[in-house]
Amino acid sequence: MSAIHILSSVSSFSSISLSFKTKSTCNSSHSSPKIICAIPESKAVSASEQAGRCIKAVCFASSDEITETEQVEEEIQDSLLETKAFAVPRRQIMTILLSSYVLAQANSVNTASALQSVGLREYIDTFDGYSFKYPKNWIQVRGANADIFFRDPFILDENLSLELSSPSSSNYKSIEDLGPPEVAGKNVLKQYLTEFMSTRLGVRRESSILSTSSRVADDGKMYYQVEVNIKSYANNNELAVMPQDRVARLEWDRHYLSVLGVENNQLYVLRLQVPEKVFVEEEIDLRQILDSFRVNKVIA
């Protein structure tokens, strides 16, 4: 609503004072517009015309203020749109960060589960005549070219297998038929390298026998134990012409532990494969597995 006050002066000028109050959508520190219309007496016009002119002036002033208010509102809307536009990628970034944290936590739990001791369970094969202990959380894998095969569910390069010679093609009387432990160790390493032979260009193996030994277990039988290390290297660009462009990189570094026993005219070999860096963490459990291996007489 607006109120118009027309004041007539007794001086040489007739002045009309109008006060106009406007309604704004935003808080403003500006006071209500106040328009003073001064008209010389010599050019005096009717009161209605004077009021009309002043009303127009007030309307123009009010219109300018409304325009400024609309501009402010538009700037606010633009700012909100920019904020919303930024909010979408920000949510995506937060989602990615949260997912990365969850995955990192899951990986750390898996690694910790793999490294900590989980206890051992005994496996007994009365048909073929052998027994050994293995970690409780390891899983059996079938069709692995072995009589029995177990592997770690988290570290896939860590596994255990048992192989035995064919009863129709072997006639072992004792473990000493293999020669001394040192000779048996060379044959074990040769067998590993044959299995890991690769036809890829630029692949080479480095191997070494870490130890060979013999022991008599509580069943009165002698067993040989062999430990070897094998490293595999491959060129990052095997087809390169210049030697400097064929840089060899380490593919894997593994520790192999084998226990050999003879019974039922057969050779039994329990083999453990583990990454070298993991062997340091699990050596106690792995040696318990080796010490638990027994070969038993099969009753026909």
# chains A, B, ... in the order shown; residues from 1 in each chain; ligands from 1
>>> residues_around(residues="range 127-140 of chain A", least_positions_apart="6", cutoff="7 Å", atoms="only C-alpha atoms", output="JSON, numbers by chain")
{"A": [118, 119, 120, 121, 149, 150, 151, 152, 153, 289, 292, 293, 294, 295, 296, 297, 298]}
>>> residues_around(residues="Glu251 in chain A", least_positions_apart="6", cutoff="9 Å", atoms="only C-alpha atoms", output="list in words")
Lys231, Ser232, Tyr233 and Ala234 of chain A
>>> closest_residue(among="A:Phe196, A:Asn171, A:Val226, A:Val141", to="Ser213 in chain A", atoms="only C-alpha atoms")
A:Val226
>>> closest_residue(among="A:Ile148, A:Ile209, A:Leu286, A:Ile175", to="Tyr192 in chain A", atoms="only C-alpha atoms")
A:Ile209
>>> select_by_dssp(residues="range 186-235 of chain A", states="strand (DSSP E or B)", output="list of chain:residue names")
A:Val203, A:Arg204, A:Arg205, A:Glu206, A:Ser207, A:Ser208, A:Ile209, A:Leu210, A:Ser211, A:Thr212, A:Ser213, A:Ser214, A:Arg215, A:Val216, A:Met222, A:Tyr223, A:Tyr224, A:Gln225, A:Val226, A:Glu227, A:Val228, A:Asn229, A:Ile230, A:Lys231, A:Ser232, A:Tyr233, A:Ala234, A:Asn235
>>> atom_distance(atom1="CA of Ser258 in chain A", atom2="CA of Gln225 in chain A")
5.7 Å
>>> closest_residue(among="A:Asp157, A:Asp177, A:Ile230, A:Asp218", to="Glu195 in chain A", atoms="only C-alpha atoms")
A:Ile230
>>> residues_around(residues="Ser166 in chain A", least_positions_apart="6", cutoff="10 Å", atoms="only C-alpha atoms", output="MDAnalysis selection string")
chainID A and resid 265:267
>>> write_last_selection(atoms="N, CA and C atoms", output="short mmCIF file (atom, residue, chain, number, x, y, z; two decimals), in the first residue's frame")
data_model
loop_
_atom_site.label_atom_id
_atom_site.label_comp_id
_atom_site.auth_asym_id
_atom_site.auth_seq_id
_atom_site.Cartn_x
_atom_site.Cartn_y
_atom_site.Cartn_z
N ASN A 265 56.74 -99.83 -1.85
CA ASN A 265 57.51 -99.82 -3.10
C ASN A 265 57.29 -98.55 -3.92
N GLN A 266 56.83 -97.53 -3.28
CA GLN A 266 56.54 -96.28 -3.98
C GLN A 266 57.30 -95.12 -3.34
N LEU A 267 57.56 -94.09 -4.15
CA LEU A 267 58.17 -92.86 -3.67
C LEU A 267 57.08 -91.82 -3.44
#
>>> closest_residue(among="A:Glu281, A:Met222, A:Thr212, A:Asp253", to="Val183 in chain A", atoms="only C-alpha atoms")
A:Thr212
>>> residues_around(residues="His255 in chain A", least_positions_apart="3", cutoff="12 Å", atoms="only C-alpha atoms", output="JSON, numbers by chain")
{"A": [157, 158, 159, 189, 192, 207, 208, 209, 210, 211, 226, 227, 228, 229, 230, 231, 232, 252, 258, 271, 272, 273, 274, 275, 276, 277, 278, 279, 280, 282, 283, 286]}
